$ cat input_34.cif   # mmCIF, C-alpha atoms and all ligand atoms
data_protein
#
loop_
_atom_site.label_atom_id
_atom_site.label_comp_id
_atom_site.auth_asym_id
_atom_site.auth_seq_id
_atom_site.Cartn_x
_atom_site.Cartn_y
_atom_site.Cartn_z
CA MET A 1 17.16 47.49 -84.35
CA ASN A 2 14.42 48.00 -81.78
CA ASN A 3 11.65 46.46 -83.94
CA GLY A 4 9.51 49.58 -83.55
CA PHE A 5 9.50 49.26 -79.76
CA ASP A 6 9.14 52.67 -78.15
CA ALA A 7 10.33 52.77 -74.52
CA ARG A 8 9.66 56.52 -74.39
CA LYS A 9 5.98 55.94 -75.13
CA TYR A 10 5.77 53.63 -72.10
CA SER A 11 7.56 56.19 -69.97
CA GLU A 12 5.06 58.88 -70.99
CA LEU A 13 2.17 56.54 -70.23
CA ALA A 14 3.70 55.73 -66.83
CA GLN A 15 3.99 59.44 -66.05
CA SER A 16 0.38 60.07 -67.02
CA HIS A 17 -0.77 57.16 -64.79
CA TYR A 18 1.65 57.91 -61.95
CA LYS A 19 -0.91 59.48 -59.60
CA LYS A 20 -3.33 56.60 -60.10
CA HIS A 21 -0.51 54.10 -59.46
CA GLN A 22 0.55 56.04 -56.37
CA GLN A 23 -2.99 55.74 -54.95
CA LEU A 24 -2.85 52.02 -55.74
CA VAL A 25 0.43 51.68 -53.82
CA ASN A 26 -1.12 53.40 -50.78
CA LYS A 27 -4.02 50.97 -50.93
CA LEU A 28 -1.95 47.81 -51.50
CA ARG A 29 0.52 48.60 -48.70
CA LYS A 30 -2.28 48.25 -46.14
CA LYS A 31 -3.63 44.94 -47.45
CA LYS A 32 -2.64 41.36 -46.63
CA LEU A 33 -1.72 40.04 -50.04
CA ARG A 34 -0.38 36.53 -49.67
CA LYS A 35 -0.74 35.69 -53.37
CA LEU A 36 0.78 38.94 -54.66
CA ASP A 37 4.25 37.56 -55.42
CA GLU A 38 2.78 34.62 -57.34
CA LEU A 39 0.63 36.96 -59.43
CA VAL A 40 3.40 39.48 -60.14
CA GLN A 41 5.92 36.76 -61.00
CA GLN A 42 3.45 35.21 -63.44
CA TRP A 43 2.89 38.60 -65.14
CA ASP A 44 6.64 39.21 -65.16
CA ALA A 45 7.22 35.93 -67.03
CA GLU A 46 4.42 36.64 -69.52
CA LEU A 47 5.49 40.24 -70.14
CA PHE A 48 9.14 39.38 -70.69
CA GLU A 49 7.93 36.95 -73.39
CA GLU A 50 6.37 39.96 -75.17
CA ILE A 51 8.88 42.69 -74.36
CA ASN A 52 12.46 42.07 -75.39
CA CYS A 53 15.04 43.93 -73.31
CA LEU A 54 17.22 44.14 -76.43
CA ASP A 55 14.52 46.34 -78.00
CA CYS A 56 14.43 48.57 -74.93
CA ALA A 57 17.58 48.91 -72.78
CA ASN A 58 15.97 51.87 -71.04
CA CYS A 59 17.37 50.84 -67.64
CA CYS A 60 20.89 50.58 -69.07
CA ARG A 61 20.49 54.05 -70.57
CA SER A 62 19.04 55.87 -67.62
CA LEU A 63 19.50 54.14 -64.25
CA GLY A 64 22.86 53.90 -62.57
CA PRO A 65 23.20 50.46 -60.93
CA ARG A 66 25.06 50.18 -57.62
CA VAL A 67 28.35 48.38 -58.24
CA THR A 68 29.45 46.39 -55.18
CA GLU A 69 32.98 45.35 -54.19
CA THR A 70 32.14 41.81 -55.33
CA ASP A 71 30.94 43.15 -58.70
CA ILE A 72 34.15 45.20 -59.03
CA LYS A 73 36.37 42.16 -58.42
CA ARG A 74 34.41 39.98 -60.85
CA ILE A 75 34.16 42.54 -63.66
CA SER A 76 37.72 43.84 -63.44
CA LYS A 77 39.04 40.25 -63.53
CA HIS A 78 36.92 39.61 -66.62
CA LEU A 79 38.25 42.77 -68.28
CA LYS A 80 41.81 41.87 -67.21
CA LEU A 81 42.13 45.17 -65.36
CA SER A 82 43.27 45.78 -61.81
CA THR A 83 40.40 46.84 -59.55
CA THR A 84 42.07 50.26 -59.16
CA VAL A 85 42.22 50.85 -62.91
CA PHE A 86 38.64 49.61 -63.33
CA ILE A 87 37.41 51.98 -60.62
CA ASP A 88 39.38 54.91 -62.08
CA GLN A 89 38.12 54.29 -65.58
CA TYR A 90 34.47 53.48 -64.97
CA LEU A 91 33.20 54.31 -61.48
CA ARG A 92 32.45 57.21 -59.17
CA ILE A 93 31.06 57.40 -55.63
CA ASP A 94 27.49 58.66 -55.41
CA GLU A 95 25.66 60.60 -52.68
CA ASP A 96 24.87 57.32 -50.82
CA ASN A 97 28.59 56.47 -50.81
CA ASP A 98 28.08 53.65 -53.31
CA TYR A 99 30.06 52.99 -56.47
CA VAL A 100 28.08 53.70 -59.64
CA PHE A 101 29.12 54.16 -63.28
CA GLN A 102 30.64 57.57 -64.01
CA ALA A 103 27.94 58.39 -66.56
CA MET A 104 24.88 56.90 -68.15
CA PRO A 105 24.11 55.42 -70.68
CA CYS A 106 26.18 52.62 -69.22
CA PRO A 107 29.70 52.40 -70.71
CA PHE A 108 29.13 48.68 -71.37
CA LEU A 109 25.97 49.17 -73.42
CA LEU A 110 26.54 48.58 -77.14
CA ASP A 111 24.65 50.25 -79.99
CA ASP A 112 22.60 47.08 -80.54
CA ASN A 113 21.61 47.11 -76.83
CA TYR A 114 23.79 44.13 -75.93
CA CYS A 115 25.82 44.35 -72.73
CA VAL A 116 29.58 43.83 -73.15
CA ILE A 117 29.85 42.25 -69.69
CA TYR A 118 26.42 40.55 -69.60
CA GLU A 119 27.57 37.32 -67.90
CA LYS A 120 29.56 39.32 -65.33
CA ARG A 121 27.24 42.33 -64.97
CA PRO A 122 26.55 43.89 -61.54
CA LYS A 123 24.07 42.13 -59.27
CA ALA A 124 21.84 45.23 -59.41
CA CYS A 125 21.51 44.73 -63.18
CA ARG A 126 20.55 41.07 -62.66
CA ASP A 127 17.98 41.95 -60.03
CA TYR A 128 16.27 44.73 -62.00
CA PRO A 129 13.28 45.26 -62.28
CA HIS A 130 12.58 43.02 -59.22
CA THR A 131 9.20 41.76 -60.49
CA HIS A 132 10.61 38.21 -60.65
CA GLN A 133 11.65 38.27 -56.99
CA PRO A 134 9.76 37.61 -53.75
CA GLY A 135 8.70 40.48 -51.48
CA PHE A 136 7.00 42.66 -54.11
CA GLN A 137 4.69 44.24 -51.52
CA LYS A 138 7.72 45.61 -49.66
CA LYS A 139 9.05 47.09 -52.91
CA LEU A 140 5.89 48.88 -54.01
CA LYS A 141 7.36 52.39 -53.68
CA LEU A 142 10.56 51.47 -55.51
CA SER A 143 8.55 49.68 -58.19
CA LEU A 144 6.30 52.71 -58.61
CA LYS A 145 9.42 54.72 -59.53
CA ASN A 146 10.46 51.93 -61.87
CA THR A 147 7.20 52.26 -63.85
CA ILE A 148 8.77 55.36 -65.44
CA THR A 149 11.81 53.42 -66.65
CA CYS A 150 10.61 49.89 -67.27
CA PRO A 151 7.69 49.01 -69.59
CA VAL A 152 7.28 45.67 -67.80
CA VAL A 153 6.84 47.32 -64.40
CA TYR A 154 4.44 49.88 -65.87
CA THR A 155 2.32 47.07 -67.34
CA VAL A 156 2.42 45.13 -64.05
CA PHE A 157 0.99 48.22 -62.34
CA GLN A 158 -1.75 48.50 -64.96
CA LYS A 159 -2.63 44.87 -64.28
CA LEU A 160 -2.55 45.43 -60.53
CA ASN A 161 -4.85 48.37 -61.00
CA ASP A 162 -7.30 46.22 -62.99
CA SER A 163 -7.19 43.53 -60.29
CA PHE A 164 -7.34 45.61 -57.10
CA SER A 165 -9.19 48.86 -57.90
S1 LIG A 201 26.41 46.56 -67.00
FE1 LIG A 201 25.23 45.76 -68.70
S2 LIG A 201 23.24 45.25 -67.83
FE2 LIG A 201 24.24 46.66 -66.39
S3 LIG A 201 23.60 48.74 -66.98
FE3 LIG A 201 25.50 48.30 -68.08
S4 LIG A 201 24.83 47.51 -70.07
FE4 LIG A 201 23.09 47.35 -68.68
S1 LIG A 202 14.40 45.45 -67.65
FE1 LIG A 202 12.75 46.82 -68.27
S2 LIG A 202 13.74 48.82 -68.65
FE2 LIG A 202 15.34 47.26 -68.63
S3 LIG A 202 15.60 46.69 -70.77
FE3 LIG A 202 14.17 45.21 -69.88
S4 LIG A 202 12.13 46.07 -70.31
FE4 LIG A 202 13.62 47.72 -70.61
#

$ encode --input "input_34.cif" --output "structure tokens"
Amino acid sequence: MNNGFDARKYSELAQSHYKKHQQLVNKLRKKKLRKLDELVQQWDAELFEEINCLDCANCCRSLGPRVTETDIKRISKHLKLSTTVFIDQYLRIDEDNDYVFQAMPCPFLLDDNYCVIYEKRPKACRDYPHTHQPGFQKKLKLSLKNTITCPVVYTVFQKLNDSFS
């Protein structure tokens, strides 16, 4: 089902390179990098051609996306549930006072890594792993954490390291 793709291998690599990537973050934060977004977005597009999220689903297994009020209304309508029932069945409040799923792996993740509510999924799921969005330099610390979860982000950091070390 996952075509031999091993997300855990990437996670182990990211952990072994974490210190090096942390030093890179400290360096990049101080630089003026006007072309950084362009570069990262180009790598993001290339890497998502090679890495298929349906072979991975590591974020859906391990990270708990924030579920906003807007997400709740959209998803519960799609599931034909009242927002109260949806919240009771699927959500809890976390330490930041945000709604998140009660447990991970995500309750909407199927065995074949498809998402039951893909078209209606939370905005946080759409935005992840942020390498396609502007403002990458401001998200360096968050992205460093994401190297452990996402093979694409890990590889972006390896490329950044090759380019800026
Ligand atoms: S809602 Fe869908 S995309 Fe978001 S974590 Fe769950 S399975 Fe993944
Ligand atoms: S976004 Fe990253 S962690 Fe999530 S499924 Fe795709 S490659 Fe895996």

$ atom_distance --input "input_34.cif" --atom1 "CA of His21 in chain A" --atom2 "CA of Asp96 in chain A"
27.0 Å

$ residues_around --input "input_34.cif" --residues "Gln41 in chain A" --least-positions-apart "5" --cutoff "12 Å" --atoms "all atoms listed in the file" --output "PyMOL selection string"
chain A and resi 35-36+46-48+129-136+152-153+156

$ residues_near_ligand --input "input_34.cif" --ligand "ligand LIG 202 (chain A)" --cutoff "12 Å" --atoms "only C-alpha atoms and all ligand atoms" --output "number ranges by chain"
A: 2, 5-8, 10-11, 44-45, 47-65, 109, 113-115, 124-132, 143, 145-156

$ residues_around --input "input_34.cif" --residues "range 157-164 of chain A" --least-positions-apart "6" --cutoff "10 Å" --atoms "all atoms listed in the file" --output "short mmCIF file (atom, residue, chain, number, x, y, z; two decimals) with C-alpha atoms, keeping the file's coordinate frame"
data_model
loop_
_atom_site.label_atom_id
_atom_site.label_comp_id
_atom_site.auth_asym_id
_atom_site.auth_seq_id
_atom_site.Cartn_x
_atom_site.Cartn_y
_atom_site.Cartn_z
CA ALA A 14 3.70 55.73 -66.83
CA HIS A 17 -0.77 57.16 -64.79
CA TYR A 18 1.65 57.91 -61.95
CA LYS A 20 -3.33 56.60 -60.10
CA HIS A 21 -0.51 54.10 -59.46
CA GLN A 22 0.55 56.04 -56.37
CA GLN A 23 -2.99 55.74 -54.95
CA LEU A 24 -2.85 52.02 -55.74
CA VAL A 25 0.43 51.68 -53.82
CA LYS A 27 -4.02 50.97 -50.93
CA LEU A 28 -1.95 47.81 -51.50
CA LEU A 36 0.78 38.94 -54.66
CA LEU A 39 0.63 36.96 -59.43
CA VAL A 40 3.40 39.48 -60.14
CA TRP A 43 2.89 38.60 -65.14
CA LEU A 140 5.89 48.88 -54.01
CA SER A 143 8.55 49.68 -58.19
CA LEU A 144 6.30 52.71 -58.61
CA THR A 147 7.20 52.26 -63.85
CA PRO A 151 7.69 49.01 -69.59
#

$ atom_distance --input "input_34.cif" --atom1 "atom FE1 of ligand LIG 201 (chain A)" --atom2 "CA of Leu91 in chain A"
13.7 Å

$ closest_residue --input "input_34.cif" --among "A:Lys73, A:His78, A:Lys19, A:Arg121" --to "ligand LIG 201 (chain A)" --atoms "only C-alpha atoms and all ligand atoms"
A:Arg121

$ axis_aligned_box --input "input_34.cif" --around "range 51-65 of chain A" --padding-each-side "5 Å" --output "JSON"
{"center_x": 16.0, "center_y": 49.0, "center_z": -69.5, "size_x": 24.3, "size_y": 23.8, "size_z": 27.1}

$ closest_residue --input "input_34.cif" --among "A:Leu142, A:Ile75, A:Leu81, A:Cys106" --to "ligand LIG 201 (chain A)" --atoms "all atoms listed in the file"
A:Cys106

$ decode --input "input_34.cif" --residues "range 7-156 of chain A" --atoms "C-alpha atoms" --output "JSON list (two decimals), in the first residue's frame"
[["chain", "number", "residue", "atom", "x", "y", "z"],
["A", 7, "ALA", "CA", 8.28, 7.54, 6.76],
["A", 8, "ARG", "CA", 10.00, 6.23, 9.91],
["A", 9, "LYS", "CA", 13.34, 6.13, 8.11],
["A", 10, "TYR", "CA", 12.96, 9.84, 7.27],
["A", 11, "SER", "CA", 12.02, 10.60, 10.85],
["A", 12, "GLU", "CA", 15.16, 8.84, 12.12],
["A", 13, "LEU", "CA", 17.28, 10.73, 9.60],
["A", 14, "ALA", "CA", 15.67, 14.02, 10.68],
["A", 15, "GLN", "CA", 16.46, 13.23, 14.32],
["A", 16, "SER", "CA", 20.08, 12.44, 13.51],
["A", 17, "HIS", "CA", 20.41, 15.73, 11.55],
["A", 18, "TYR", "CA", 18.37, 17.80, 14.01],
["A", 19, "LYS", "CA", 21.32, 19.57, 15.65],
["A", 20, "LYS", "CA", 22.82, 20.48, 12.28],
["A", 21, "HIS", "CA", 19.42, 21.79, 11.12],
["A", 22, "GLN", "CA", 19.03, 23.75, 14.36],
["A", 23, "GLN", "CA", 22.36, 25.49, 13.71],
["A", 24, "LEU", "CA", 21.16, 26.23, 10.18],
["A", 25, "VAL", "CA", 17.96, 27.81, 11.55],
["A", 26, "ASN", "CA", 20.01, 30.05, 13.87],
["A", 27, "LYS", "CA", 22.09, 31.15, 10.90],
["A", 28, "LEU", "CA", 19.20, 31.69, 8.47],
["A", 29, "ARG", "CA", 17.13, 33.70, 10.96],
["A", 30, "LYS", "CA", 19.77, 36.44, 10.93],
["A", 31, "LYS", "CA", 20.09, 36.69, 7.15],
["A", 32, "LYS", "CA", 18.15, 38.75, 4.63],
["A", 33, "LEU", "CA", 16.81, 36.07, 2.34],
["A", 34, "ARG", "CA", 14.54, 37.67, -0.22],
["A", 35, "LYS", "CA", 14.55, 34.65, -2.56],
["A", 36, "LEU", "CA", 13.99, 32.05, 0.17],
["A", 37, "ASP", "CA", 10.25, 31.57, -0.41],
["A", 38, "GLU", "CA", 10.77, 31.12, -4.15],
["A", 39, "LEU", "CA", 13.45, 28.49, -3.53],
["A", 40, "VAL", "CA", 11.50, 26.58, -0.88],
["A", 41, "GLN", "CA", 8.29, 26.63, -2.92],
["A", 42, "GLN", "CA", 10.15, 25.25, -5.93],
["A", 43, "TRP", "CA", 11.62, 22.41, -3.81],
["A", 44, "ASP", "CA", 8.19, 21.79, -2.28],
["A", 45, "ALA", "CA", 6.66, 21.33, -5.74],
["A", 46, "GLU", "CA", 9.49, 19.04, -6.89],
["A", 47, "LEU", "CA", 9.47, 16.95, -3.70],
["A", 48, "PHE", "CA", 5.71, 16.44, -3.70],
["A", 49, "GLU", "CA", 6.12, 15.05, -7.24],
["A", 50, "GLU", "CA", 8.43, 12.38, -5.75],
["A", 51, "ILE", "CA", 6.81, 11.80, -2.36],
["A", 52, "ASN", "CA", 3.19, 10.77, -2.36],
["A", 53, "CYS", "CA", 1.29, 11.69, 0.81],
["A", 54, "LEU", "CA", -0.82, 8.55, 0.31],
["A", 55, "ASP", "CA", 2.36, 6.50, 0.86],
["A", 56, "CYS", "CA", 3.16, 8.43, 4.03],
["A", 57, "ALA", "CA", 0.28, 9.96, 6.05],
["A", 58, "ASN", "CA", 2.70, 10.53, 8.90],
["A", 59, "CYS", "CA", 1.16, 13.92, 9.76],
["A", 60, "CYS", "CA", -2.33, 12.38, 9.91],
["A", 61, "ARG", "CA", -0.99, 9.68, 12.22],
["A", 62, "SER", "CA", 0.99, 11.79, 14.61],
["A", 63, "LEU", "CA", 0.13, 15.51, 14.59],
["A", 64, "GLY", "CA", -3.11, 16.83, 15.97],
["A", 65, "PRO", "CA", -4.38, 19.65, 13.73],
["A", 66, "ARG", "CA", -6.16, 22.61, 15.32],
["A", 67, "VAL", "CA", -9.84, 22.45, 14.38],
["A", 68, "THR", "CA", -11.39, 25.92, 14.19],
["A", 69, "GLU", "CA", -15.04, 26.90, 14.63],
["A", 70, "THR", "CA", -15.27, 27.34, 10.85],
["A", 71, "ASP", "CA", -13.82, 23.85, 10.33],
["A", 72, "ILE", "CA", -16.32, 22.44, 12.85],
["A", 73, "LYS", "CA", -19.30, 23.98, 11.04],
["A", 74, "ARG", "CA", -18.10, 22.81, 7.62],
["A", 75, "ILE", "CA", -17.20, 19.25, 8.65],
["A", 76, "SER", "CA", -20.24, 18.60, 10.83],
["A", 77, "LYS", "CA", -22.53, 19.82, 8.01],
["A", 78, "HIS", "CA", -20.75, 17.45, 5.63],
["A", 79, "LEU", "CA", -21.17, 14.55, 8.07],
["A", 80, "LYS", "CA", -24.80, 15.55, 8.69],
["A", 81, "LEU", "CA", -24.13, 15.91, 12.40],
["A", 82, "SER", "CA", -24.97, 18.80, 14.68],
["A", 83, "THR", "CA", -21.86, 20.72, 15.75],
["A", 84, "THR", "CA", -22.48, 19.57, 19.35],
["A", 85, "VAL", "CA", -22.55, 15.89, 18.39],
["A", 86, "PHE", "CA", -19.48, 16.33, 16.17],
["A", 87, "ILE", "CA", -17.56, 18.00, 19.00],
["A", 88, "ASP", "CA", -18.65, 15.32, 21.50],
["A", 89, "GLN", "CA", -17.70, 12.47, 19.20],
["A", 90, "TYR", "CA", -14.42, 13.70, 17.76],
["A", 91, "LEU", "CA", -12.89, 16.68, 19.56],
["A", 92, "ARG", "CA", -11.29, 17.71, 22.82],
["A", 93, "ILE", "CA", -9.81, 21.00, 24.05],
["A", 94, "ASP", "CA", -6.03, 21.05, 24.28],
["A", 95, "GLU", "CA", -3.66, 22.95, 26.59],
["A", 96, "ASP", "CA", -3.79, 26.01, 24.27],
["A", 97, "ASN", "CA", -7.59, 26.01, 24.53],
["A", 98, "ASP", "CA", -7.97, 24.89, 20.91],
["A", 99, "TYR", "CA", -10.13, 22.08, 19.59],
["A", 100, "VAL", "CA", -8.11, 19.08, 18.39],
["A", 101, "PHE", "CA", -9.06, 15.48, 17.59],
["A", 102, "GLN", "CA", -9.56, 13.32, 20.68],
["A", 103, "ALA", "CA", -6.80, 10.93, 19.65],
["A", 104, "MET", "CA", -4.33, 10.35, 16.87],
["A", 105, "PRO", "CA", -4.07, 8.69, 14.34],
["A", 106, "CYS", "CA", -6.82, 10.94, 13.05],
["A", 107, "PRO", "CA", -10.29, 9.33, 13.20],
["A", 108, "PHE", "CA", -10.82, 10.25, 9.53],
["A", 109, "LEU", "CA", -7.70, 8.49, 8.27],
["A", 110, "LEU", "CA", -8.50, 5.27, 6.40],
["A", 111, "ASP", "CA", -6.29, 2.18, 6.20],
["A", 112, "ASP", "CA", -5.24, 3.13, 2.65],
["A", 113, "ASN", "CA", -4.19, 6.60, 3.92],
["A", 114, "TYR", "CA", -7.10, 8.39, 2.27],
["A", 115, "CYS", "CA", -8.91, 11.04, 4.30],
["A", 116, "VAL", "CA", -12.67, 10.51, 4.69],
["A", 117, "ILE", "CA", -13.30, 14.26, 4.79],
["A", 118, "TYR", "CA", -10.49, 15.34, 2.41],
["A", 119, "GLU", "CA", -12.47, 18.07, 0.60],
["A", 120, "LYS", "CA", -13.75, 19.43, 3.92],
["A", 121, "ARG", "CA", -10.66, 18.79, 6.08],
["A", 122, "PRO", "CA", -9.48, 21.38, 8.64],
["A", 123, "LYS", "CA", -7.54, 24.37, 7.36],
["A", 124, "ALA", "CA", -4.53, 23.23, 9.41],
["A", 125, "CYS", "CA", -4.45, 20.02, 7.35],
["A", 126, "ARG", "CA", -4.54, 22.03, 4.11],
["A", 127, "ASP", "CA", -1.77, 24.33, 5.26],
["A", 128, "TYR", "CA", 0.61, 21.60, 6.42],
["A", 129, "PRO", "CA", 3.62, 21.41, 5.96],
["A", 130, "HIS", "CA", 3.73, 25.16, 5.07],
["A", 131, "THR", "CA", 6.58, 24.81, 2.54],
["A", 132, "HIS", "CA", 4.21, 25.94, -0.25],
["A", 133, "GLN", "CA", 3.33, 29.16, 1.57],
["A", 134, "PRO", "CA", 5.03, 32.56, 1.79],
["A", 135, "GLY", "CA", 6.91, 33.59, 4.94],
["A", 136, "PHE", "CA", 9.10, 30.50, 5.32],
["A", 137, "GLN", "CA", 11.82, 32.46, 7.13],
["A", 138, "LYS", "CA", 9.35, 33.32, 9.90],
["A", 139, "LYS", "CA", 8.42, 29.64, 10.23],
["A", 140, "LEU", "CA", 11.93, 28.23, 10.49],
["A", 141, "LYS", "CA", 11.52, 27.00, 14.09],
["A", 142, "LEU", "CA", 8.15, 25.40, 13.40],
["A", 143, "SER", "CA", 9.51, 23.84, 10.21],
["A", 144, "LEU", "CA", 12.51, 22.48, 12.09],
["A", 145, "LYS", "CA", 10.08, 20.55, 14.31],
["A", 146, "ASN", "CA", 8.23, 19.42, 11.20],
["A", 147, "THR", "CA", 11.40, 17.78, 9.81],
["A", 148, "ILE", "CA", 10.74, 14.95, 12.29],
["A", 149, "THR", "CA", 7.24, 14.33, 10.93],
["A", 150, "CYS", "CA", 7.37, 15.27, 7.26],
["A", 151, "PRO", "CA", 9.87, 13.78, 4.77],
["A", 152, "VAL", "CA", 9.36, 16.77, 2.46],
["A", 153, "VAL", "CA", 10.33, 19.26, 5.16],
["A", 154, "TYR", "CA", 13.31, 17.14, 6.16],
["A", 155, "THR", "CA", 14.52, 17.11, 2.54],
["A", 156, "VAL", "CA", 13.94, 20.87, 2.21]]
